[in-house]
Every structure is written in structure tokens, then in C-alpha cells.
$ cat entry.csv   # CSV, C-alpha atoms and all ligand atoms
chain,number,residue,atom,x,y,z
A,125,VAL,CA,83.7,64.0,13.7
A,126,ILE,CA,84.5,60.6,15.2
A,127,GLY,CA,87.4,58.4,14.2
A,128,VAL,CA,85.3,55.4,13.3
A,129,ALA,CA,82.4,56.9,11.4
A,130,PHE,CA,84.0,56.4,8.0
A,131,LEU,CA,84.2,52.6,8.5
A,132,THR,CA,80.5,52.1,8.0
A,133,GLU,CA,78.4,54.0,5.6
A,134,PRO,CA,75.9,56.4,7.0
A,135,ALA,CA,72.5,55.0,7.4
A,136,LEU,CA,70.0,55.9,4.7
A,137,PHE,CA,67.8,57.3,7.4
A,138,ASN,CA,67.9,60.1,9.8
A,139,ILE,CA,68.4,58.2,13.1
A,140,GLU,CA,67.1,60.9,15.4
A,141,SER,CA,63.8,61.3,13.5
A,142,ALA,CA,63.5,57.5,13.3
A,143,LEU,CA,63.8,57.3,17.1
A,144,GLN,CA,61.1,60.0,17.4
A,145,SER,CA,58.9,58.1,15.0
A,146,LEU,CA,59.4,54.9,17.1
A,147,GLY,CA,58.5,56.8,20.3
A,148,ILE,CA,61.8,56.3,21.9
A,149,GLU,CA,62.9,58.9,24.4
A,150,TYR,CA,66.6,59.5,24.1
A,151,GLU,CA,69.4,61.8,25.1
A,152,VAL,CA,72.2,62.7,22.7
A,153,THR,CA,75.7,62.1,24.0
A,154,GLY,CA,78.4,62.9,21.5
A,155,ASP,CA,77.7,61.0,18.3
A,156,ASN,CA,75.2,58.7,20.0
A,157,ALA,CA,71.8,58.7,21.4
A,158,ARG,CA,71.3,56.9,24.7
A,159,ALA,CA,68.0,55.5,25.8
A,160,ILE,CA,66.2,52.8,27.8
A,161,CYS,CA,66.9,49.6,25.8
A,162,PRO,CA,63.8,49.1,23.6
A,163,MET,CA,64.0,45.3,23.4
A,164,HIS,CA,65.2,44.7,27.0
A,165,GLU,CA,61.9,43.5,28.4
A,166,ALA,CA,61.2,41.3,25.4
A,167,LEU,CA,64.6,39.7,25.7
A,168,THR,CA,65.1,39.5,29.4
A,169,GLY,CA,61.6,39.7,31.0
A,170,LYS,CA,62.7,42.8,32.9
A,171,SER,CA,62.7,46.4,31.8
A,172,ASP,CA,66.1,48.2,31.5
A,173,SER,CA,66.6,49.9,34.9
A,174,HIS,CA,68.8,52.8,33.5
A,175,PRO,CA,69.6,53.8,29.9
A,176,SER,CA,72.0,51.0,28.7
A,177,TRP,CA,71.3,51.3,25.1
A,178,PHE,CA,73.3,53.4,22.6
A,179,ILE,CA,72.6,54.1,18.9
A,180,HIS,CA,75.1,55.8,16.7
A,181,LEU,CA,73.4,58.8,15.1
A,182,GLU,CA,75.3,58.5,11.8
A,183,THR,CA,75.5,54.7,11.2
A,184,GLY,CA,72.4,53.6,13.1
A,185,GLN,CA,74.3,50.7,14.7
A,186,HIS,CA,73.1,50.1,18.2
A,187,HIS,CA,74.1,48.1,21.2
A,188,CYS,CA,72.6,47.5,24.7
A,189,PHE,CA,75.5,47.1,27.2
A,190,SER,CA,73.2,45.3,29.6
A,191,CYS,CA,71.4,42.6,27.6
A,192,GLY,CA,73.7,42.6,24.5
A,193,TYR,CA,70.9,43.4,22.1
A,194,ARG,CA,72.6,45.0,19.0
A,195,GLY,CA,72.3,45.5,15.3
A,196,GLY,CA,71.4,48.1,12.7
A,197,ILE,CA,68.5,50.5,12.2
A,198,LEU,CA,66.4,48.2,10.0
A,199,GLY,CA,66.5,45.3,12.4
A,200,LEU,CA,65.6,47.7,15.3
A,201,VAL,CA,62.5,48.9,13.4
A,202,ALA,CA,61.6,45.3,12.5
A,203,ASP,CA,61.9,44.2,16.1
A,204,ILE,CA,60.0,47.1,17.6
A,205,LYS,CA,57.2,47.2,15.0
A,206,ASN,CA,57.2,43.4,14.9
A,207,PHE,CA,57.8,43.2,11.1
A,208,LYS,CA,58.5,39.5,10.4
A,209,ILE,CA,58.8,37.4,7.3
A,210,ASP,CA,58.2,33.7,7.0
A,211,THR,CA,60.4,31.9,4.5
A,212,TRP,CA,59.6,28.2,4.4
A,213,GLY,CA,58.9,28.2,8.1
A,214,VAL,CA,62.0,30.3,9.0
A,215,ILE,CA,61.0,33.5,10.7
A,216,ASP,CA,63.3,36.5,10.0
A,217,PRO,CA,63.0,40.3,10.6
A,218,ASP,CA,61.3,41.9,7.6
A,219,TYR,CA,63.9,44.5,6.6
A,220,GLU,CA,62.0,45.5,3.5
A,221,ALA,CA,58.9,46.3,5.6
A,222,ALA,CA,61.2,48.2,8.0
A,223,LYS,CA,62.5,50.3,5.1
A,224,ARG,CA,59.0,51.0,3.8
A,225,TRP,CA,57.9,52.1,7.3
A,226,LEU,CA,60.9,54.4,7.7
A,227,ARG,CA,60.3,56.0,4.3
A,228,SER,CA,56.6,56.5,5.2
A,229,THR,CA,57.7,58.5,8.3
A,230,GLY,CA,59.8,60.7,6.1
A,231,THR,CA,63.1,59.9,7.8
A,232,GLU,CA,65.1,59.1,4.6
A,233,VAL,CA,68.2,61.1,4.1
A,234,PRO,CA,68.6,62.7,0.6
A,235,ILE,CA,71.4,61.0,-1.4
A,236,GLU,CA,73.3,64.4,-1.7
A,237,VAL,CA,73.4,64.8,2.1
A,238,LEU,CA,74.6,61.3,2.4
A,239,LYS,CA,77.4,61.8,-0.1
A,240,ASN,CA,78.6,64.9,1.7
A,241,LYS,CA,78.8,62.9,4.9
A,242,LEU,CA,80.7,60.1,3.3
A,243,PHE,CA,83.3,62.2,1.6
A,244,LYS,CA,83.6,65.0,4.2
A,245,LYS,CA,87.1,65.9,5.0
A,246,THR,CA,88.2,65.5,8.6
A,247,ASP,CA,91.0,67.4,10.3
A,248,ALA,CA,93.8,64.9,10.8
A,249,LYS,CA,95.2,66.9,13.7
A,250,GLU,CA,92.1,66.8,15.7
A,251,GLU,CA,92.5,64.3,18.6
A,252,VAL,CA,89.5,62.0,18.6
A,253,LYS,CA,88.2,60.4,21.7
A,254,VAL,CA,87.0,56.8,21.6
A,255,GLU,CA,84.0,56.0,23.8
A,256,GLU,CA,82.6,52.7,24.9
A,257,SER,CA,79.6,53.2,22.7
A,258,HIS,CA,81.7,53.4,19.6
A,259,LEU,CA,82.4,49.7,19.9
A,260,ALA,CA,78.7,49.2,19.0
A,261,ILE,CA,79.5,49.6,15.3
A,262,PHE,CA,81.6,46.5,15.4
A,263,THR,CA,80.4,42.8,15.3
A,264,ASP,CA,81.6,39.5,16.6
A,265,PRO,CA,84.5,38.1,14.5
A,266,PRO,CA,83.3,35.7,11.8
A,267,ASN,CA,84.0,31.9,12.0
A,268,TRP,CA,86.3,32.0,9.0
A,269,ALA,CA,88.7,34.5,10.7
A,270,LEU,CA,88.6,32.5,14.0
A,271,LYS,CA,89.5,29.4,12.0
A,272,GLN,CA,92.4,31.1,10.2
A,273,ARG,CA,93.9,32.2,13.5
A,274,ASN,CA,93.0,29.0,15.4
A,275,ILE,CA,91.1,31.0,18.0
A,276,SER,CA,87.9,30.0,19.8
A,277,ALA,CA,84.8,32.2,20.3
A,278,ARG,CA,85.3,31.7,24.1
A,279,ALA,CA,88.7,33.4,23.9
A,280,VAL,CA,87.2,36.3,21.9
A,281,VAL,CA,84.5,36.9,24.6
A,282,ALA,CA,87.1,36.7,27.4
A,283,TYR,CA,89.2,39.4,25.8
A,284,GLY,CA,86.3,41.5,24.4
A,285,VAL,CA,87.7,41.3,20.8
A,286,LEU,CA,85.5,42.6,18.0
A,287,TRP,CA,85.5,42.8,14.3
A,288,GLU,CA,85.2,45.5,11.6
A,289,ASN,CA,83.5,43.8,8.7
A,290,LYS,CA,83.9,46.2,5.9
A,291,HIS,CA,87.7,45.6,5.5
A,292,ASP,CA,88.0,42.5,7.7
A,293,ASN,CA,89.9,44.0,10.7
A,294,TRP,CA,90.2,42.7,14.2
A,295,ILE,CA,89.3,45.3,16.9
A,296,LEU,CA,91.5,44.9,20.0
A,297,PRO,CA,90.2,47.1,22.9
A,298,LEU,CA,92.7,48.5,25.4
A,299,ARG,CA,91.5,49.3,28.8
A,300,LYS,CA,92.8,51.2,31.8
A,301,PRO,CA,94.2,49.0,34.6
A,302,TYR,CA,91.9,48.4,37.6
A,303,ILE,CA,89.0,50.5,36.5
A,304,GLY,CA,88.6,49.0,33.0
A,305,LYS,CA,87.8,52.3,31.2
A,306,LEU,CA,88.2,52.0,27.5
A,307,LEU,CA,91.4,53.8,26.3
A,308,GLY,CA,90.9,53.0,22.7
A,309,TYR,CA,91.6,50.1,20.4
A,310,GLN,CA,94.0,48.7,17.8
A,311,MET,CA,92.7,47.7,14.4
A,312,LYS,CA,94.5,44.9,12.8
A,313,GLY,CA,93.8,43.5,9.3
A,314,GLN,CA,93.2,39.8,8.8
A,315,ARG,CA,93.6,39.8,5.0
A,316,SER,CA,95.9,42.8,4.9
A,317,ARG,CA,98.8,44.2,6.8
A,318,PHE,CA,96.6,47.2,7.9
A,319,PHE,CA,97.3,48.3,11.4
A,320,ARG,CA,96.2,51.4,13.3
A,321,ASN,CA,95.6,52.8,16.8
A,322,TYR,CA,92.3,54.6,17.7
A,323,PRO,CA,92.7,57.3,18.8
A,324,ALA,CA,96.0,57.9,17.0
A,325,GLY,CA,97.6,59.0,20.3
A,326,LEU,CA,96.5,55.8,22.1
A,327,LYS,CA,98.9,55.4,25.1
A,328,LYS,CA,99.3,51.6,24.8
A,329,SER,CA,102.4,51.7,27.0
A,330,SER,CA,100.2,52.7,30.0
A,331,THR,CA,98.4,49.4,30.1
A,332,LEU,CA,98.5,45.8,28.9
A,333,PHE,CA,96.0,44.3,26.5
A,334,GLY,CA,93.9,41.9,28.6
A,335,VAL,CA,94.8,43.6,31.8
A,336,HIS,CA,91.4,42.8,33.2
A,337,GLU,CA,92.3,39.1,32.8
A,338,LEU,CA,95.5,39.4,34.8
A,339,ARG,CA,95.9,36.8,37.6
A,340,GLU,CA,97.9,36.7,40.8
A,341,ASP,CA,99.5,33.2,40.5
A,342,TYR,CA,101.0,33.6,37.1
A,343,ALA,CA,101.0,35.9,34.0
A,344,ILE,CA,102.0,35.1,30.5
A,345,VAL,CA,103.3,38.2,28.7
A,346,VAL,CA,103.3,38.3,24.9
A,347,GLU,CA,103.8,41.0,22.3
A,348,SER,CA,100.6,40.7,20.2
A,349,PRO,CA,97.0,40.8,21.5
A,350,LEU,CA,95.8,37.9,19.4
A,351,ASP,CA,98.6,35.7,20.9
A,352,CYS,CA,96.8,36.1,24.3
A,353,LEU,CA,93.8,34.4,22.7
A,354,ARG,CA,95.9,31.5,21.3
A,355,ILE,CA,97.4,31.0,24.8
A,356,TYR,CA,93.9,31.1,26.4
A,357,ASP,CA,92.8,28.3,24.0
A,358,SER,CA,95.9,26.2,24.9
A,359,GLY,CA,94.5,26.1,28.5
A,360,PHE,CA,96.2,29.1,30.1
A,361,PRO,CA,93.8,32.0,30.7
A,362,GLY,CA,95.2,35.4,31.8
A,363,ALA,CA,97.8,36.2,29.2
A,364,VAL,CA,98.5,39.9,28.6
A,365,ALA,CA,100.1,41.7,25.7
A,366,THR,CA,102.5,44.6,25.6
A,367,CYS,CA,101.2,45.6,22.1
A,368,GLY,CA,104.7,46.0,20.7
A,369,ALA,CA,108.3,44.8,21.0
A,370,LEU,CA,109.0,47.4,23.7
A,371,VAL,CA,108.1,46.8,27.3
A,372,SER,CA,107.4,50.0,29.3
A,373,GLU,CA,108.2,50.6,32.9
A,374,GLU,CA,104.4,51.2,33.5
A,375,GLN,CA,103.6,47.8,32.1
A,376,VAL,CA,106.3,46.1,34.2
A,377,LYS,CA,104.9,47.8,37.3
A,378,LEU,CA,101.5,46.2,36.6
A,379,LEU,CA,103.2,42.8,36.9
A,380,ARG,CA,104.8,43.4,40.3
A,381,SER,CA,102.0,41.6,42.3
A,382,VAL,CA,102.1,38.5,40.1
A,383,GLU,CA,103.9,35.5,41.6
A,384,LYS,CA,105.4,34.1,38.4
A,385,VAL,CA,105.8,36.2,35.2
A,386,ILE,CA,106.3,34.0,32.1
A,387,VAL,CA,107.4,36.1,29.1
A,388,ALA,CA,106.7,34.8,25.6
A,389,PHE,CA,107.9,37.5,23.4
A,390,ASP,CA,108.7,36.8,19.7
A,391,ASN,CA,111.2,33.9,19.5
A,392,PRO,CA,114.5,35.4,20.7
A,393,ASN,CA,116.4,32.9,18.6
A,394,ILE,CA,115.2,34.2,15.3
A,395,ASP,CA,113.8,37.7,16.1
A,396,ALA,CA,116.2,40.4,17.2
A,397,ALA,CA,113.4,42.6,18.6
A,398,GLY,CA,112.1,39.6,20.6
A,399,LYS,CA,115.7,39.0,21.9
A,400,LYS,CA,115.9,42.7,22.9
A,401,ALA,CA,112.6,42.6,24.8
A,402,CYS,CA,113.9,39.5,26.7
A,403,ASP,CA,117.0,41.4,27.6
A,404,GLU,CA,114.9,44.3,28.9
A,405,MET,CA,112.8,41.9,31.0
A,406,LEU,CA,116.0,40.6,32.5
A,407,ALA,CA,117.0,44.1,33.6
A,408,TYR,CA,113.5,44.8,34.9
A,409,SER,CA,113.4,41.5,36.9
A,410,LEU,CA,116.3,42.7,38.9
A,411,ARG,CA,115.1,46.3,39.4
A,412,TYR,CA,111.5,45.2,40.4
A,413,ASP,CA,112.4,41.8,41.9
A,414,LEU,CA,110.1,40.1,39.5
A,415,ASN,CA,110.0,36.3,39.3
A,416,VAL,CA,110.5,36.1,35.6
A,417,TYR,CA,110.5,32.9,33.5
A,418,TYR,CA,111.1,32.7,29.8
A,419,PHE,CA,108.8,30.7,27.5
A,420,ASN,CA,110.7,27.8,26.1
A,421,TYR,CA,110.8,27.8,22.3
A,422,GLY,CA,113.2,24.8,22.3
A,423,THR,CA,114.5,24.3,18.8
A,424,SER,CA,111.3,25.7,17.3
A,425,ASP,CA,111.7,28.1,14.4
A,426,LYS,CA,108.2,29.5,14.9
A,427,LYS,CA,108.1,33.2,15.4
A,428,ASP,CA,105.6,33.6,18.3
A,429,PRO,CA,103.0,31.6,20.2
A,430,GLY,CA,100.3,32.7,17.7
A,431,ASP,CA,101.9,30.3,15.1
A,432,MET,CA,102.2,27.4,17.5
A,433,THR,CA,99.9,24.4,18.3
A,434,ASP,CA,98.2,24.0,21.7
A,435,GLU,CA,100.7,21.3,22.6
A,436,GLU,CA,103.7,23.4,21.6
A,437,ILE,CA,102.4,26.4,23.7
A,438,ARG,CA,101.7,24.2,26.7
A,439,TRP,CA,105.2,22.7,26.4
A,440,GLY,CA,106.8,26.1,26.2
A,441,ILE,CA,105.0,27.3,29.3
A,442,GLU,CA,105.5,24.2,31.3
A,443,ASN,CA,109.3,24.2,30.5
A,444,ALA,CA,109.8,27.9,30.9
A,445,LYS,CA,113.2,28.7,32.3
A,446,SER,CA,113.9,30.9,35.2
A,447,VAL,CA,115.7,34.3,34.9
A,448,ILE,CA,118.2,32.9,37.5
A,449,GLN,CA,119.9,31.3,34.5
A,450,GLY,CA,120.5,34.8,32.9
A,451,LYS,CA,120.5,34.9,29.1
A,452,ALA,CA,120.7,31.1,28.9
A,453,ALA,CA,117.1,31.1,29.9
A,454,TYR,CA,116.1,32.4,26.5
A,455,VAL,CA,119.0,32.1,24.1
A,456,TYR,CA,119.6,28.7,22.5
A,457,GLY,CA,121.4,27.3,19.5
A,458,ASN,CA,123.9,29.7,18.0
A,459,VAL,CA,124.3,31.6,21.3
A,460,LYS,CA,127.4,33.5,20.2
A,461,ALA,CA,125.6,35.1,17.3
A,462,LEU,CA,122.8,36.4,19.4
A,463,SER,CA,124.1,37.0,22.9
A,464,ASN,CA,126.4,39.9,22.1
B,1,ZN,ZN,68.9,45.7,26.7
$ encode --input "entry.csv" --output "C-alpha cells" --more "lines below"
Ligand SMILES: [Zn+2]
Amino acid sequence: VIGVAFLTEPALFNIESALQSLGIEYEVTGDNARAICPMHEALTGKSDSHPSWFIHLETGQHHCFSCGYRGGILGLVADIKNFKIDTWGVIDPDYEAAKRWLRSTGTEVPIEVLKNKLFKKTDAKEEVKVEESHLAIFTDPPNWALKQRNISARAVVAYGVLWENKHDNWILPLRKPYIGKLLGYQMKGQRSRFFRNYPAGLKKSSTLFGVHELREDYAIVVESPLDCLRIYDSGFPGAVATCGALVSEEQVKLLRSVEKVIVAFDNPNIDAAGKKACDEMLAYSLRYDLNVYYFNYGTSDKKDPGDMTDEEIRWGIENAKSVIQGKAAYVYGNVKALSN
């Protein structure tokens, strides 16, 4: 039972018997089979030196972590068996031929078995582990979603952000500092307010989103992962996110080696939680001798950098105010109302 299996429907075919029919030697690890990448040589000119390719045994979604080859079971069969279809000069994989071939090898899963898998009850108390290979069931975010968020494909690649396309959710991976091991991911709706951590007990306070992008000369710290991508696009790589309005001591410790820490929490002039996070950073800056600066929202009524234009973000960073000024570094306007 894995936490993400319900997101995509089970494949219509038994993946293990399909692999056997395709002559692929594999090893089962958890919910996946692992093998030498079957398309590596065709795509890169070299054969896969060690098994880099994973296929999910329930969904049939697969991914090579070396060459990036990925997709579903039908595409895999079409690629390996060279089933192609020519439509007015455009060559595409022939998925129908792949389906027919899979049926001919007797790998189709009876519909009743399929239904049982889809509606099987899972024990909510069971702690589910998220493994790197689980990310293979997700895709790259579609252009329409990038456009709505004003985010570039380059920023998506830098932060390893993915997409769950059944319900249009962003997949925001969280990794362990220094070693990069996947801790889990946050799933955030684009068209809905859906939000969930995988696994449920994900310890987001033990790391920072984008920790692998952390620099030594400066860091920009935001609350929401997608704001890191907006800041990246405004010309400042290396932003990290706390993944919530609370800053943990562990997260602060990760920033100790950074020369200049610019915090861009939600606008402290209109958001009480953002104001509180700024206050906390003020206390941490003293305790850990951090060189903290506060992103300058000026008179803007925008809630966070994610809502701002590139120019506004750049201005806010370039005019960030030092913690030496105390609360005046981040509280503007009606100071009395907010500073107590
Ligand atoms: Zn490969």
C-alpha cells in the first residue's frame, strides 16, 4: 500500500508479466521494479551502467533517473517493440498496437481485479514511506499552470517541481539537507485549495524547500515553495521556503553559514502570521548572529512575492532593510496597530 497509488488508476495490464514478455530482467523493490533502462542505449548511445530505471508495478508509470526516459506502459511497449504510426508525416508511438500486443501476451488484468485495487481500503494509521521512484508517477507541470503562476520551466527544473495531472496538483519535493535524500513532498492544488503532505508525518521543519539550491553569499527565505520559483524567475536563484508561517530552529541553523539572509515572509503589514514570523527571525538573528535583512514590501498591499511582478520582487530584494533597525525594518504604515 503506497500513499500515491490511488492518484493514478492501475494499469490495465499486469506490469510484471509485461516486463517478462518484453524480456526485461528486473528486481522488485517495494512497489516498483528496477532494471537496466530499456531505452538508454537508443536515447544516449551508451548502455545503462547500473539499473537506473524504475517502473511502478501498479500504475505502469516508469522513469529512468539517469537519462530521463519516462512515461506509461503503452509507450514503453511501443518504444521497445518499435510500434509506430504515421499520421500525415508525423511519427507517433502506436499505442493501439501496444495494447494489442499486451493482450496477445495475456497480461491484461481482469476488470474485477482492477476494481478491487481501485477501491481497496487503506489503513490510515499506517505510516507510508515515500521513495524517489514514486516521483515517476508525476509529470512536468503543464504550460497553462506555469502561465497562471507566472513561473518558467527553468525554475521548475531547478527546484525539481512536478505535477499530478489527475486533479491538477503541484508536487513540491522536500529533501534532506546536504545529502539530498527525498523526505517526501507537498501536494498543492492549482485549481483547488487542496493541500497535503506525503507522507502524512513529513517533517518539513527539519529542512527547507530548495535546500539544495542554498547559496553562501545570500539566501532569500519565503513561506511557500512556489514563491521560490517566482523569485528565481526575477533573477535571484537560491531562494528557500520554510513551508509554513513558522520558522523552526533547525531551519534557522541551516542558514548560519549564509552571509546575508533576506527574509520575504508574507507581507507583515497585512498578514499577522507573516508579522509573527518576522518577529521570530528578529529573535533568531540575535541568538545565532545571523545577518538578517527584510524584504521591502514598501507600500504594496500584495500578500507575498508570488503575487508580485519581477520588478517588484527585485526592488524588494535590493531595498531590503537590515535587522539593525529592529522592527522598523519590516513594519511600515500603521506601525502602532501592528507593532504591539
Ligand atoms: Zn535511461
$ closest_residue --input "entry.csv" --among "A:Ser381, A:Asn420, A:Ser173, A:Thr229" --to "Asn443 of chain A" --atoms "only C-alpha atoms"
A:Asn420
$ residues_around --input "entry.csv" --residues "Gly440 of chain A" --least-positions-apart "3" --cutoff "12 Å" --atoms "all atoms listed in the file" --output "number ranges by chain"
A: 344, 355, 358, 360, 386-389, 391, 417-424, 426, 428-429, 432-437, 443-445, 454
$ closest_residue --input "entry.csv" --among "A:Leu136, A:Leu298, A:Leu167, A:Cys191" --to "ligand ZN 1 (chain B)" --atoms "all atoms listed in the file"
A:Cys191
$ residues_around --input "entry.csv" --residues "Met311 of chain A" --least-positions-apart "4" --cutoff "9 Å" --atoms "all atoms listed in the file" --output "ChimeraX atom specification"
/A:287-288,293-297,318-322
$ closest_residue --input "entry.csv" --among "A:Cys161, A:Leu146, A:Val152, A:Val385" --to "ligand ZN 1 (chain B)" --atoms "all atoms listed in the file"
A:Cys161
$ residues_near_ligand --input "entry.csv" --ligand "ligand ZN 1 (chain B)" --cutoff "6 Å" --atoms "only C-alpha atoms and all ligand atoms" --output "VMD selection string"
chain A and resid 161 163 to 164 188 190 to 191 193
$ atom_distance --input "entry.csv" --atom1 "atom CA of Lys305 of chain A" --atom2 "atom CA of Ser329 of chain A"
15.2 Å
$ closest_residue --input "entry.csv" --among "A:His336, A:His186, A:Lys205, A:His291" --to "Gly362 of chain A" --atoms "only C-alpha atoms"
A:His336
$ decode --input "entry.csv" --residues "segment 310-365 of chain A" --atoms "C-alpha atoms" --output "tab-separated table (two decimals), in the first residue's frame"
chain	number	residue	atom	x	y	z
A	310	GLN	CA	3.77	18.53	-0.54
A	311	MET	CA	0.85	18.35	-2.92
A	312	LYS	CA	-0.79	21.69	-3.63
A	313	GLY	CA	-3.85	22.24	-5.80
A	314	GLN	CA	-3.75	24.72	-8.68
A	315	ARG	CA	-7.49	24.85	-9.27
A	316	SER	CA	-8.49	23.95	-5.71
A	317	ARG	CA	-7.38	24.68	-2.16
A	318	PHE	CA	-6.24	21.07	-1.79
A	319	PHE	CA	-3.08	20.69	0.24
A	320	ARG	CA	-1.46	17.61	1.73
A	321	ASN	CA	1.91	16.29	2.89
A	322	TYR	CA	3.23	12.89	1.78
A	323	PRO	CA	3.93	11.02	3.95
A	324	ALA	CA	1.42	12.47	6.41
A	325	GLY	CA	4.15	12.76	9.06
A	326	LEU	CA	6.53	14.64	6.73
A	327	LYS	CA	8.99	16.55	8.95
A	328	LYS	CA	9.06	19.76	6.95
A	329	SER	CA	10.59	21.70	9.83
A	330	SER	CA	13.79	19.64	9.55
A	331	THR	CA	14.69	21.09	6.16
A	332	LEU	CA	13.95	23.92	3.75
A	333	PHE	CA	12.28	23.53	0.38
A	334	GLY	CA	15.05	24.13	-2.19
A	335	VAL	CA	17.80	23.43	0.35
A	336	HIS	CA	19.97	22.04	-2.46
A	337	GLU	CA	19.84	25.49	-4.10
A	338	LEU	CA	21.08	27.27	-0.97
A	339	ARG	CA	23.99	29.67	-1.64
A	340	GLU	CA	26.73	31.07	0.58
A	341	ASP	CA	26.55	34.75	-0.39
A	342	TYR	CA	22.83	35.30	0.20
A	343	ALA	CA	19.64	33.39	0.87
A	344	ILE	CA	16.08	34.54	0.34
A	345	VAL	CA	13.68	32.83	2.71
A	346	VAL	CA	9.98	32.63	1.86
A	347	GLU	CA	6.99	30.74	3.27
A	348	SER	CA	5.67	28.94	0.18
A	349	PRO	CA	7.71	26.74	-2.15
A	350	LEU	CA	6.25	28.23	-5.34
A	351	ASP	CA	7.42	31.68	-4.23
A	352	CYS	CA	11.00	30.36	-4.56
A	353	LEU	CA	10.30	29.76	-8.23
A	354	ARG	CA	8.88	33.27	-8.73
A	355	ILE	CA	11.99	34.75	-7.08
A	356	TYR	CA	14.21	32.55	-9.26
A	357	ASP	CA	12.49	33.99	-12.33
A	358	SER	CA	13.00	37.55	-11.13
A	359	GLY	CA	16.76	36.94	-11.34
A	360	PHE	CA	17.60	35.60	-7.87
A	361	PRO	CA	18.35	31.88	-7.75
A	362	GLY	CA	18.74	30.16	-4.41
A	363	ALA	CA	15.55	31.06	-2.56
A	364	VAL	CA	14.37	28.55	0.04
A	365	ALA	CA	10.97	28.07	1.71
